[in-house]
Protein chains: 2
Amino acid sequence: MMDAKVRLYVEQPLGQGQAVALTADQAHYLFAVMRLAVGAVVALFNGRDGEWRAEVAEAGKRGGVLVCQAQTRPLLMPPDLWLLFAPIKKARTDFIVEKAVEMGARRILPVQTRHTNSERIRQDRLQAHAVEAAEQCGGTFVPEVAELAALDRLLAGWPADRRILWCDESLMGAAQLLSGGLAGEPRGPWAILIGPEGGFSDQEKARLRAMPQVLAVSLGPRILRADTAAVAALALWQASLGDWRP
Amino acid sequence: MMDAKVRLYVEQPLGQGQAVALTADQAHYLFAVMRLAVGAVVALFNGRDGEWRAEVAEAGKRGGVLVCQAQTRPLLMPPDLWLLFAPIKKARTDFIVEKAVEMGARRILPVQTRHTNSERIRQDRLQAHAVEAAEQCGGTFVPEVAELAALDRLLAGWPADRRILWCDESLMGAAQLLSGGLAGEPRGPWAILIGPEGGFSDQEKARLRAMPQVLAVSLGPRILRADTAAVAALALWQASLGDWRP
């Protein structure tokens, strides 16, 4: 049995014998770009039903049909972890989204802080980027990328039971060093909050400090870029509280 | 007293009253690109003497002189940690070098494995990239980027006292999950080894398994790109054994 060389995210339900009709874009990708033909095998996932091996049953210029043959991986649902970050330059924002998918965040929330550089994001583009990251990295789940929201407003309605791991360079010395991981912390819903390049404002810091859900941490003695800090914090959280545990 | 907005890496010794002559490239950057003039303040570091505030004493088209006024930061020497990785696409190799600098690796060693895609690297370009990463991220130390070396040969002469944290996707399940960090492991010299995109060959795996210095670990249940794995492993090592500890 051939191994699928192409992984494709689709919206439709997947299951034994299920036929999946392709959009024109998907047909173009599979048949014109990847040069697959009837009988070829593709790996499909939809973020809900795991990964399925599917065979090309019809291939056309503007569409086609795949038929699911067997589940090749179960759904790997990431832990209940959100990543909040202030958007930075386009390439690095894309990078943060890609890394959040690989590292297993369940939701990605771009936040606007006092010192955030971007006033807007292209949510659809970032969501497509998350899909692509999952396709390329063997993921079976695609985190939702939320619309840009003001940090103030998010914090005003913050759930009482969701802890926040607040990573801020300016906390160096003042906060707990994240040494030995987070082993003593409670499991359950969490969010990681990565600061903007200009740092948080005094008002934002005061607000965060006053929230009982917040754990302020410093990521070592060097200044990290936001994208580096995101991966580092995700790694420490996953190793201590997430699905990197045995 | 003005805060320096420009950070510059230089080769010369730095110390109280020390004059630093600029190369033509440095002069072009400071005076033509950054538009600094006599009296302006620059932050200098050389990887050995910490960071110094220096004033522009002479500014010319092809040179200039800075004079060190005061040390603004001591040298922050990273722990004795090497990062070994198999070069991948140019942008991601650059990225690994940048992240290794931010995360505090002391040496960066590109290695050629059986399944490494690149046959060669531009060591000088990667070293310049490491300098730039240190300039931008407030570092006072610049790790050496070694020439590309065959992994086989490196392992043949591997020091008995330097442990290797071997991160390999194919180890999933077979190796220790890196949960709760590396708290039980000995301190001292270490290296992190990140596999190539094609994975290690059976021969390489057998060799690594047979070395008493090697600790094989899996970085969670998702497949990580080499650049993600590098940052994640560096974070876990620094938090457990490195200078992220209090």
# chains A, B, ... in the order shown; residues from 1 in each chain; ligands from 1

$ calpha_fit_and_write --fixed "chain A" --moving "chain B" --output "CSV table (one decimal) with C-alpha atoms, in the first residue's frame"
chain,number,residue,atom,x,y,z
B,1,MET,CA,-0.1,0.0,0.0
B,2,MET,CA,1.3,3.4,-1.0
B,3,ASP,CA,2.1,6.0,1.6
B,4,ALA,CA,0.5,9.3,1.0
B,5,LYS,CA,3.0,12.0,0.0
B,6,VAL,CA,0.5,14.8,0.1
B,7,ARG,CA,-1.4,16.0,3.1
B,8,LEU,CA,-4.5,18.0,2.6
B,9,TYR,CA,-6.8,19.8,5.0
B,10,VAL,CA,-10.5,19.6,4.1
B,11,GLU,CA,-13.7,20.9,5.7
B,12,GLN,CA,-15.8,17.8,5.2
B,13,PRO,CA,-16.4,14.9,7.6
B,14,LEU,CA,-14.0,12.0,7.2
B,15,GLY,CA,-14.9,8.3,7.7
B,16,GLN,CA,-14.8,4.9,6.2
B,17,GLY,CA,-15.9,5.1,2.5
B,18,GLN,CA,-16.7,8.8,2.8
B,19,ALA,CA,-16.5,10.6,-0.5
B,20,VAL,CA,-14.9,14.1,-0.4
B,21,ALA,CA,-15.5,16.5,-3.2
B,22,LEU,CA,-12.6,18.9,-3.9
B,23,THR,CA,-12.8,22.6,-4.5
B,24,ALA,CA,-11.3,24.0,-7.6
B,25,ASP,CA,-8.2,25.2,-5.7
B,26,GLN,CA,-7.7,21.8,-4.1
B,27,ALA,CA,-8.1,20.1,-7.5
B,28,HIS,CA,-5.6,22.4,-9.0
B,29,TYR,CA,-3.1,21.7,-6.2
B,30,LEU,CA,-3.5,17.9,-6.4
B,31,PHE,CA,-3.7,17.4,-10.1
B,32,ALA,CA,-1.9,20.3,-11.7
B,33,VAL,CA,0.8,21.1,-9.1
B,34,MET,CA,1.3,17.7,-7.5
B,35,ARG,CA,0.4,15.8,-10.7
B,36,LEU,CA,-1.6,13.2,-8.9
B,37,ALA,CA,-4.0,11.0,-11.0
B,38,VAL,CA,-6.9,8.6,-10.3
B,39,GLY,CA,-5.7,5.9,-7.9
B,40,ALA,CA,-3.2,8.1,-6.2
B,41,VAL,CA,-3.3,8.3,-2.4
B,42,VAL,CA,-3.6,11.4,-0.3
B,43,ALA,CA,-3.7,12.0,3.5
B,44,LEU,CA,-6.7,14.0,4.6
B,45,PHE,CA,-7.5,15.6,7.9
B,46,ASN,CA,-10.2,18.1,9.0
B,47,GLY,CA,-9.2,18.9,12.5
B,48,ARG,CA,-11.9,16.6,14.0
B,49,ASP,CA,-11.7,13.1,12.6
B,50,GLY,CA,-8.0,12.3,12.6
B,51,GLU,CA,-6.0,11.6,9.5
B,52,TRP,CA,-7.4,9.4,6.7
B,53,ARG,CA,-5.8,7.7,3.7
B,54,ALA,CA,-7.9,8.6,0.7
B,55,GLU,CA,-7.8,7.6,-2.9
B,56,VAL,CA,-8.4,9.8,-5.9
B,57,ALA,CA,-11.6,8.5,-7.5
B,58,GLU,CA,-12.1,11.4,-10.0
B,59,ALA,CA,-9.7,14.0,-11.1
B,60,GLY,CA,-10.8,17.0,-13.1
B,61,LYS,CA,-9.6,20.5,-13.9
B,62,ARG,CA,-12.1,22.2,-11.6
B,63,GLY,CA,-12.8,19.5,-9.1
B,64,GLY,CA,-12.5,15.9,-8.2
B,65,VAL,CA,-13.5,13.3,-5.6
B,66,LEU,CA,-11.4,11.5,-3.0
B,67,VAL,CA,-12.7,8.4,-1.1
B,68,CYS,CA,-11.6,7.7,2.4
B,69,GLN,CA,-10.1,4.2,2.9
B,70,ALA,CA,-8.8,4.0,6.4
B,71,GLN,CA,-7.9,6.1,9.4
B,72,THR,CA,-4.1,6.5,9.6
B,73,ARG,CA,-3.9,8.6,12.8
B,74,PRO,CA,-6.4,9.4,15.5
B,75,LEU,CA,-7.2,13.1,16.2
B,76,LEU,CA,-4.4,14.5,18.5
B,77,MET,CA,-6.2,17.2,20.3
B,78,PRO,CA,-3.8,19.7,21.9
B,79,PRO,CA,-4.2,20.6,25.6
B,80,ASP,CA,-6.4,23.5,26.5
B,81,LEU,CA,-3.7,26.1,26.0
B,82,TRP,CA,-4.1,29.5,24.3
B,83,LEU,CA,-1.3,31.6,22.9
B,84,LEU,CA,-1.8,35.4,23.2
B,85,PHE,CA,0.7,37.6,21.4
B,86,ALA,CA,1.1,41.1,20.1
B,87,PRO,CA,1.5,41.0,16.3
B,88,ILE,CA,4.9,42.1,15.0
B,89,LYS,CA,6.4,42.2,11.5
B,90,LYS,CA,4.5,40.0,9.0
B,91,ALA,CA,7.2,37.3,8.7
B,92,ARG,CA,7.6,36.9,12.4
B,93,THR,CA,3.8,36.9,13.0
B,94,ASP,CA,3.5,34.1,10.5
B,95,PHE,CA,6.3,32.3,12.3
B,96,ILE,CA,4.5,32.6,15.6
B,97,VAL,CA,1.4,31.1,14.1
B,98,GLU,CA,3.4,28.2,12.5
B,99,LYS,CA,5.2,27.5,15.8
B,100,ALA,CA,2.0,27.6,17.9
B,101,VAL,CA,0.5,24.9,15.6
B,102,GLU,CA,3.6,22.7,15.8
B,103,MET,CA,4.0,23.2,19.6
B,104,GLY,CA,0.3,22.3,20.2
B,105,ALA,CA,-1.6,25.5,21.2
B,106,ARG,CA,-5.4,25.1,20.9
B,107,ARG,CA,-6.2,28.7,20.2
B,108,ILE,CA,-4.1,31.6,18.8
B,109,LEU,CA,-5.2,35.1,19.9
B,110,PRO,CA,-3.4,38.1,18.4
B,111,VAL,CA,-3.8,40.9,20.9
B,112,GLN,CA,-3.5,44.7,20.6
B,113,THR,CA,-1.6,46.2,23.5
B,114,ARG,CA,-0.7,49.8,24.2
B,115,HIS,CA,2.7,49.4,22.4
B,116,THR,CA,1.6,46.9,19.6
B,117,ASN,CA,3.0,48.0,16.3
B,118,SER,CA,0.2,46.6,14.0
B,119,GLU,CA,-3.2,48.0,14.1
B,120,ARG,CA,-4.6,45.2,12.1
B,121,ILE,CA,-4.0,41.7,11.0
B,122,ARG,CA,-5.3,39.6,8.1
B,123,GLN,CA,-7.0,36.9,10.2
B,124,ASP,CA,-7.9,34.9,7.1
B,125,ARG,CA,-4.3,34.8,6.0
B,126,LEU,CA,-3.1,33.8,9.4
B,127,GLN,CA,-5.7,31.1,9.6
B,128,ALA,CA,-4.6,29.7,6.2
B,129,HIS,CA,-1.1,29.8,7.5
B,130,ALA,CA,-2.1,27.7,10.5
B,131,VAL,CA,-3.7,25.2,8.1
B,132,GLU,CA,-0.6,25.0,6.0
B,133,ALA,CA,1.6,24.5,9.1
B,134,ALA,CA,-0.6,21.6,10.2
B,135,GLU,CA,-0.5,20.1,6.7
B,136,GLN,CA,3.3,20.2,6.6
B,137,CYS,CA,4.0,19.1,10.1
B,138,GLY,CA,1.7,16.1,10.3
B,139,GLY,CA,-0.8,17.7,12.6
B,140,THR,CA,-4.4,16.5,12.8
B,141,PHE,CA,-5.7,19.6,14.6
B,142,VAL,CA,-5.8,23.2,13.4
B,143,PRO,CA,-6.0,25.9,16.1
B,144,GLU,CA,-8.4,28.7,15.5
B,145,VAL,CA,-6.7,32.1,14.9
B,146,ALA,CA,-8.9,34.7,16.5
B,147,GLU,CA,-9.4,38.3,15.2
B,148,LEU,CA,-7.2,40.9,16.7
B,149,ALA,CA,-8.7,41.9,20.1
B,150,ALA,CA,-7.7,44.6,22.6
B,151,LEU,CA,-5.8,43.0,25.5
B,152,ASP,CA,-7.7,45.3,27.9
B,153,ARG,CA,-11.0,44.0,26.7
B,154,LEU,CA,-9.9,40.3,26.8
B,155,LEU,CA,-8.6,40.7,30.3
B,156,ALA,CA,-11.8,42.4,31.4
B,157,GLY,CA,-13.8,39.3,30.5
B,158,TRP,CA,-11.1,36.8,31.4
B,159,PRO,CA,-12.4,33.4,32.7
B,160,ALA,CA,-11.7,32.9,36.4
B,161,ASP,CA,-10.4,29.3,35.9
B,162,ARG,CA,-7.9,30.0,33.0
B,163,ARG,CA,-4.4,30.7,34.3
B,164,ILE,CA,-2.1,33.1,32.4
B,165,LEU,CA,1.6,32.5,32.0
B,166,TRP,CA,2.8,36.1,31.6
B,167,CYS,CA,6.2,36.2,29.9
B,168,ASP,CA,7.8,39.7,30.0
B,169,GLU,CA,11.5,40.7,29.5
B,170,SER,CA,10.9,43.6,31.9
B,171,LEU,CA,10.1,41.0,34.6
B,172,MET,CA,13.7,39.9,34.7
B,173,GLY,CA,14.7,39.7,38.3
B,174,ALA,CA,11.3,40.8,39.5
B,175,ALA,CA,9.5,37.6,38.5
B,176,GLN,CA,9.9,33.9,39.0
B,177,LEU,CA,12.5,32.4,36.7
B,178,LEU,CA,10.9,29.6,34.9
B,179,SER,CA,13.4,27.1,36.1
B,180,GLY,CA,12.6,23.5,36.5
B,181,GLY,CA,9.4,24.1,34.5
B,182,LEU,CA,5.9,24.6,35.9
B,183,ALA,CA,5.7,21.3,37.7
B,184,GLY,CA,4.0,22.7,40.8
B,185,GLU,CA,1.3,24.6,38.9
B,186,PRO,CA,-2.3,23.4,38.5
B,187,ARG,CA,-3.3,21.7,35.2
B,188,GLY,CA,-6.4,22.8,33.5
B,189,PRO,CA,-7.0,25.7,31.1
B,190,TRP,CA,-4.0,28.0,30.6
B,191,ALA,CA,-2.9,30.8,28.3
B,192,ILE,CA,0.6,32.1,27.5
B,193,LEU,CA,0.9,35.8,27.1
B,194,ILE,CA,3.9,37.1,25.1
B,195,GLY,CA,4.6,40.9,25.2
B,196,PRO,CA,5.0,43.3,22.3
B,197,GLU,CA,8.5,44.4,21.3
B,198,GLY,CA,8.0,47.7,23.1
B,199,GLY,CA,7.0,45.9,26.3
B,200,PHE,CA,3.7,46.3,28.2
B,201,SER,CA,2.6,49.7,29.4
B,202,ASP,CA,2.6,50.4,33.2
B,203,GLN,CA,-1.2,50.3,33.2
B,204,GLU,CA,-1.2,46.9,31.5
B,205,LYS,CA,1.5,45.6,34.0
B,206,ALA,CA,-0.5,46.8,37.0
B,207,ARG,CA,-3.7,45.2,35.6
B,208,LEU,CA,-1.9,41.8,35.0
B,209,ARG,CA,-0.3,41.9,38.4
B,210,ALA,CA,-3.6,42.4,40.1
B,211,MET,CA,-5.2,39.3,38.4
B,212,PRO,CA,-5.1,36.2,40.6
B,213,GLN,CA,-5.0,34.0,37.4
B,214,VAL,CA,-1.6,35.5,36.4
B,215,LEU,CA,1.8,33.8,36.9
B,216,ALA,CA,4.5,36.3,35.9
B,217,VAL,CA,7.7,34.6,34.6
B,218,SER,CA,11.0,35.6,33.2
B,219,LEU,CA,12.6,33.6,30.3
B,220,GLY,CA,16.2,33.9,31.3
B,221,PRO,CA,18.8,36.7,31.4
B,222,ARG,CA,18.9,37.4,27.6
B,223,ILE,CA,16.3,39.5,25.7
B,224,LEU,CA,14.2,37.2,23.5
B,225,ARG,CA,12.3,38.2,20.4
B,226,ALA,CA,8.6,37.6,20.7
B,227,ASP,CA,8.8,34.6,18.4
B,228,THR,CA,11.6,33.0,20.4
B,229,ALA,CA,9.8,33.7,23.6
B,230,ALA,CA,6.6,32.0,22.3
B,231,VAL,CA,8.3,28.8,21.3
B,232,ALA,CA,10.3,28.7,24.6
B,233,ALA,CA,7.2,29.3,26.8
B,234,LEU,CA,5.2,26.7,24.8
B,235,ALA,CA,8.0,24.2,25.3
B,236,LEU,CA,8.2,24.7,29.0
B,237,TRP,CA,4.5,24.6,29.5
B,238,GLN,CA,4.0,21.4,27.3
B,239,ALA,CA,6.8,19.6,29.2
B,240,SER,CA,5.4,20.5,32.6
B,241,LEU,CA,1.7,20.6,32.2
B,242,GLY,CA,0.8,19.6,28.6
B,243,ASP,CA,1.0,16.6,26.4
B,244,TRP,CA,4.8,16.2,26.4
B,245,ARG,CA,4.3,14.5,29.7
B,246,PRO,CA,4.3,10.7,29.5

$ select_by_dssp --residues "segment 4-160 of chain A" --states "strand (DSSP E)" --output "compact mmCIF listing (two decimals) with N, CA and C atoms, in the first residue's frame"
# COMPACT_ATOMS: atom_id res chain seq x y z
N VAL A 6 1.15 13.53 -0.05
CA VAL A 6 0.49 14.83 0.07
C VAL A 6 -0.48 14.79 1.24
N ARG A 7 -0.45 15.82 2.06
CA ARG A 7 -1.42 15.96 3.15
C ARG A 7 -2.30 17.15 2.84
N LEU A 8 -3.59 16.98 3.01
CA LEU A 8 -4.52 18.03 2.63
C LEU A 8 -5.56 18.23 3.73
N TYR A 9 -5.79 19.49 4.07
CA TYR A 9 -6.84 19.83 5.03
C TYR A 9 -8.13 20.04 4.26
N ALA A 19 -16.94 9.96 0.68
CA ALA A 19 -16.45 10.66 -0.51
C ALA A 19 -16.27 12.13 -0.18
N VAL A 20 -15.17 12.69 -0.64
CA VAL A 20 -14.86 14.10 -0.37
C VAL A 20 -14.71 14.82 -1.70
N ALA A 21 -15.61 15.76 -1.95
CA ALA A 21 -15.53 16.52 -3.19
C ALA A 21 -14.52 17.65 -3.02
N VAL A 41 -2.86 8.28 -3.78
CA VAL A 41 -3.27 8.28 -2.39
C VAL A 41 -2.88 9.59 -1.71
N VAL A 42 -3.79 10.14 -0.94
CA VAL A 42 -3.60 11.44 -0.28
C VAL A 42 -3.96 11.24 1.19
N ALA A 43 -3.27 11.99 2.08
CA ALA A 43 -3.67 11.98 3.49
C ALA A 43 -4.58 13.17 3.75
N LEU A 44 -5.74 12.91 4.30
CA LEU A 44 -6.71 13.99 4.59
C LEU A 44 -6.88 14.16 6.09
N PHE A 45 -7.09 15.40 6.52
CA PHE A 45 -7.51 15.64 7.90
C PHE A 45 -8.40 16.87 7.91
N GLU A 51 -6.55 11.55 10.86
CA GLU A 51 -6.00 11.55 9.50
C GLU A 51 -6.48 10.31 8.76
N TRP A 52 -6.87 10.47 7.51
CA TRP A 52 -7.39 9.38 6.69
C TRP A 52 -6.59 9.25 5.40
N ARG A 53 -6.35 7.99 5.02
CA ARG A 53 -5.81 7.73 3.70
C ARG A 53 -6.98 7.73 2.73
N ALA A 54 -6.85 8.53 1.67
CA ALA A 54 -7.95 8.63 0.70
C ALA A 54 -7.40 8.43 -0.70
N GLU A 55 -8.18 7.84 -1.55
CA GLU A 55 -7.74 7.58 -2.92
C GLU A 55 -8.46 8.54 -3.86
N VAL A 56 -7.74 8.98 -4.88
CA VAL A 56 -8.36 9.83 -5.90
C VAL A 56 -9.29 8.97 -6.75
N ALA A 57 -10.59 9.29 -6.74
CA ALA A 57 -11.57 8.53 -7.52
C ALA A 57 -11.92 9.26 -8.82
N GLU A 58 -11.93 10.59 -8.76
CA GLU A 58 -12.17 11.40 -9.97
C GLU A 58 -11.22 12.58 -9.93
N ALA A 59 -10.63 12.89 -11.08
CA ALA A 59 -9.71 14.03 -11.15
C ALA A 59 -10.08 14.90 -12.34
N GLY A 64 -12.90 17.27 -8.28
CA GLY A 64 -12.49 15.88 -8.19
C GLY A 64 -13.09 15.27 -6.95
N VAL A 65 -12.90 13.98 -6.80
CA VAL A 65 -13.46 13.28 -5.63
C VAL A 65 -12.41 12.35 -5.04
N LEU A 66 -12.27 12.40 -3.72
CA LEU A 66 -11.42 11.46 -3.00
C LEU A 66 -12.33 10.55 -2.18
N VAL A 67 -11.91 9.31 -1.99
CA VAL A 67 -12.69 8.40 -1.14
C VAL A 67 -11.81 7.90 0.00
N CYS A 68 -12.30 8.09 1.24
CA CYS A 68 -11.54 7.69 2.43
C CYS A 68 -11.48 6.17 2.52
N GLN A 69 -10.27 5.67 2.76
CA GLN A 69 -10.10 4.21 2.86
C GLN A 69 -9.90 3.74 4.29
N ALA A 70 -9.05 4.43 5.03
CA ALA A 70 -8.77 3.97 6.39
C ALA A 70 -8.18 5.12 7.20
N GLN A 71 -8.46 5.13 8.49
CA GLN A 71 -7.87 6.14 9.36
C GLN A 71 -6.40 5.78 9.60
N THR A 72 -5.52 6.74 9.37
CA THR A 72 -4.09 6.47 9.57
C THR A 72 -3.59 7.05 10.89
N ARG A 73 -4.29 8.01 11.45
CA ARG A 73 -3.94 8.55 12.77
C ARG A 73 -5.20 9.04 13.45
N LEU A 81 -4.72 25.08 25.85
CA LEU A 81 -3.72 26.13 25.99
C LEU A 81 -3.92 27.16 24.89
N TRP A 82 -4.05 28.42 25.29
CA TRP A 82 -4.14 29.51 24.32
C TRP A 82 -2.80 30.24 24.25
N LEU A 83 -2.50 30.77 23.07
CA LEU A 83 -1.31 31.63 22.95
C LEU A 83 -1.77 33.04 22.59
N LEU A 84 -1.50 33.99 23.46
CA LEU A 84 -1.79 35.41 23.20
C LEU A 84 -0.49 36.12 22.87
N PHE A 85 -0.48 36.83 21.76
CA PHE A 85 0.74 37.56 21.41
C PHE A 85 0.38 38.83 20.66
N ARG A 107 -5.71 27.48 20.77
CA ARG A 107 -6.22 28.72 20.15
C ARG A 107 -5.09 29.73 20.08
N ILE A 108 -5.13 30.54 19.05
CA ILE A 108 -4.11 31.57 18.85
C ILE A 108 -4.82 32.91 18.84
N LEU A 109 -4.46 33.78 19.77
CA LEU A 109 -5.17 35.06 19.91
C LEU A 109 -4.21 36.24 19.74
N PRO A 110 -4.21 36.87 18.58
CA PRO A 110 -3.43 38.11 18.42
C PRO A 110 -4.07 39.20 19.28
N VAL A 111 -3.27 39.88 20.07
CA VAL A 111 -3.83 40.91 20.94
C VAL A 111 -3.18 42.26 20.67
N GLN A 112 -4.00 43.28 20.79
CA GLN A 112 -3.50 44.64 20.62
C GLN A 112 -3.22 45.22 22.00
N GLU A 144 -7.70 27.52 15.99
CA GLU A 144 -8.37 28.71 15.48
C GLU A 144 -7.49 29.94 15.73
N VAL A 145 -7.34 30.77 14.72
CA VAL A 145 -6.69 32.07 14.91
C VAL A 145 -7.80 33.09 15.09
N ALA A 149 -7.79 41.37 19.00
CA ALA A 149 -8.64 41.91 20.06
C ALA A 149 -7.79 42.75 21.01
N ALA A 150 -8.40 43.75 21.59
CA ALA A 150 -7.67 44.59 22.55
C ALA A 150 -7.40 43.78 23.82

$ select_by_dssp --residues "segment 94-201 of chain A" --states "alpha helix (DSSP H)" --output "ChimeraX atom specification"
/A:94-103,123-136,151-156
